[in-house]
Structures are given as C-alpha cells and as structure tokens.
Amino acid sequence: MFRLSRPIAIAAVGALMLGAVAALVLIADPTPPAQSAISAARAPARHDFSHINFIDRFDTLDAARWAASDGWSNGDWVENDWRREQLSLSPQGLAITLAPSLGGRDKPYSSGEIATHQAYLYGYFEARMRVPRGDGVVTGLFTFTRPEGRASWHEIDMEFVGSDTRVLELAYHVEGRSKKHLVNLPFDAADAMHTYAFEWRPDAIRFFVDNQLVHEARGARVERMTSEQRFFVNLWNTESLHRWTGRIRPREAPWTLHVACVAQAREYRSASLCAPPTADVLVN
C-alpha cells in the first residue's frame with residue numbers, strides 16, 4: 001500500500017484547499033482569461049452578402065447569366081470574329097482563346113467574349129485573371145452600351161495591351177468622348193492571377209488593382225453616364241490599330257486569357273469578391 005509521509009500529506013491537503021478556493025473564485029467571477037477575451041474580440045463578424053449580385057468562379061458557364069458572342073465580329077478594325085467554341089473551362093476557371101480561324105471564315109482569327117444578360121446602372125465590377133502577352137492582342141474588362149449610335153455610347157474600360165502587360169489602361173466613354181489614364185503596375189499581369197475592378201457611382205468611377213485604389217475619375221462627364229450597361233470580358237486582336245497595340249505576330253498564336261472569377265455587386269465594401277479562397281476576405 002502506498003503511504004504519504006506527514007509533511008507530504010500536509011502539503012497535499014493544502015493544495016486541495018487552494019484548488020477549492022480557486023474553483024469558488026471561478027464560479028463567482030465568470031470573466032474569461034485575458035487571452036480568451038482577446039481571441040473573442042478578434043473573431044470576425046459574420047459577412048453580409050446582401051449587396052452582391054453574383055460571384056462566378058466558372059465551374060460551369062452559366063447560360064442564364066452569360067451571353068457568349070458567336071458568329072460575328074466588331075468590324076473592319078479587328079482581325080477576329082467571336083466564336084462560342086473559343087470559350088472553355090479549365091482548372092483555373094474560364095479560358096478565352098484567340099487562335100487562327102478555321103478555313104472559309106471572313107476573319108483570320110477567332111476569339112471569345114462573354115457579357116451579362118443583365119444591364120446595370122452603377123455598381124461594383126470585378127474579375128480575377130491572368131492576361132496573355134502578344135503584340136496586337138488586347139484583353140478587355142468593361143461595361144458598355146450603345147443602343148442608338150455614337151451619341152448613346154457609354155463605356156467603362158480596363159484594358160491590357162499584350163505588347164506591355166505591366167501597364168493597365170483605364171478609360172471611360174460618354175456620348176462619343178473618351179478619357180484615358182495609364183497605370184504602371186508593380187508586376188507583370190501575364191505572370192500570375194491578379195484582381196481588377198471598378199466601382200461606378202453617380203459621381204465617380206473608382207478603379208482598383210488587388211483591392212487597392214489606383215485611380216478615380218470625377219466631373220460632369222462622369223455624372224452624365226446615366227445609361228444601363230452590360231458587363232463584358234473579352235480577348236481580341238487588331239492590325240489597323242497597330243500604332244497602339246503593335247503588329248500581330250502569327251507565330252505566337254494561340255493566346256489565352258485565364259479568368260478565375262467575375263463578380264458584380266451593388267457597391268464596393270472595401271473587400272475583394274474574387275480573392276482566392278485562402279484569403280481572409282469575402283468568398284463564394
């Protein structure tokens with residue numbers, strides 16, 4: 001049988017009495033330990049998604065949301081037509097491929113374009129994508145309407161010219177008049193996925209890269225932009241605008257735009273909608 005010496009027994013009894021006192025203190029004072037209180041204070045609030053119209057990561061191409069341009073072109077100033085077959089799904093999301101056309105077509109190249117069926121008056125528009133390099137090649141993320149000719153033309157653009165994918169070109173067009181702004185990026189947009197977005201408000205257009213504001217446009221021309229616009233993503237090429245884009249190099253074909261996500265919300269709330277799922281921001 002195990003036995004305790006007298007000094008050890010006295011110490012053991014004392015420890016039990018202290019434990020009982022501690023238990024009474026905990027019952028009387030329910031305040032959690034300091035570390036637990038700090039952790040509770042830092043716990044994220046429940047996200048509010050009520051302002052979001054959609055976040056699309058392209059597990060499928062949702063025909064109820066997107067119209068895929070098919071069987072036509074934007075005119076003589078482009079070298080490609082639009083074909084549904086140039087859209088495909090990949091592990092990275094949606095792939096839009098610009099490639100030489102099949103024989104017998106009017107244009108030497110074919111590419112892809114998607115546009116929302118829904119038109120929007122103001123809101124937040126975002127995409128996460130990796131753009132292709134290539135002279136003569138242009139990636140477009142934009143809203144657009146032109147129902148009655150040039151005088152009704154309203155458009156907000158974020159564009160990459162493949163000849164220099166370290167520069168983001170921003171523009172807006174109101175009633176046939178255009179304003180452009182260039183942003184020198186701290187990275188090459190053809191190397192990896194990045195998030196690009198703009199918020200269109202009644203008094204301003206605010207442009208973002210990776211959730212950072214890079215430019216803001218204000219003034220009477222912005223305030224006159226009051227027509228609903230559809231939201232587009234496309235990839236195209238041109239020879240007639242070669243002074244802007246450089247000349248197409250056919251040996252570099254095909255070119256592919258990878259689109260991991262596109263999102264639209266009624267307003268910007270200081271958080272990306274298309275950030276990777278590992279990031280501590282709003283995700284779908």
# chains A, B, ... in the order shown; residues from 1 in each chain; ligands from 1
$ residues_around --residues "Val183 (chain A)" --least-positions-apart "5" --cutoff "10 Å" --atoms "only C-alpha atoms" --output "JSON, numbers by chain"
{"A": [166, 167, 168, 169, 170, 209, 214, 215]}
$ atom_distance --atom1 "CA of Tyr196 (chain A)" --atom2 "CA of Thr238 (chain A)"
23.3 Å
$ closest_residue --among "A:Ala63, A:Glu113, A:Ala127, A:Phe232" --to "Phe144 (chain A)" --atoms "only C-alpha atoms"
A:Phe232
$ atom_distance --atom1 "CA of Asp203 (chain A)" --atom2 "CA of Met225 (chain A)"
9.3 Å
$ residues_around --residues "Gln212 (chain A)" --least-positions-apart "5" --cutoff "10 Å" --atoms "only C-alpha atoms" --output "MDAnalysis selection string"
chainID A and resid 195:197 207 270:272
$ residues_around --residues "Ala253 (chain A)" --least-positions-apart "4" --cutoff "9 Å" --atoms "only C-alpha atoms" --output "list of chain:residue names"
A:Leu98, A:Ala99, A:Pro100, A:Gly134, A:Arg249
$ closest_residue --among "A:Lys180, A:Arg206, A:Arg150, A:Arg133" --to "Pro254 (chain A)" --atoms "only C-alpha atoms"
A:Arg133
$ closest_residue --among "A:Asn211, A:Thr139, A:Thr256, A:Thr145" --to "Tyr124 (chain A)" --atoms "only C-alpha atoms"
A:Asn211
$ closest_residue --among "A:Val161, A:Cys274, A:Val262, A:Met193" --to "Asn237 (chain A)" --atoms "only C-alpha atoms"
A:Val161
$ closest_residue --among "A:His194, A:Arg128, A:Arg218, A:Arg269" --to "Ile55 (chain A)" --atoms "only C-alpha atoms"
A:Arg128
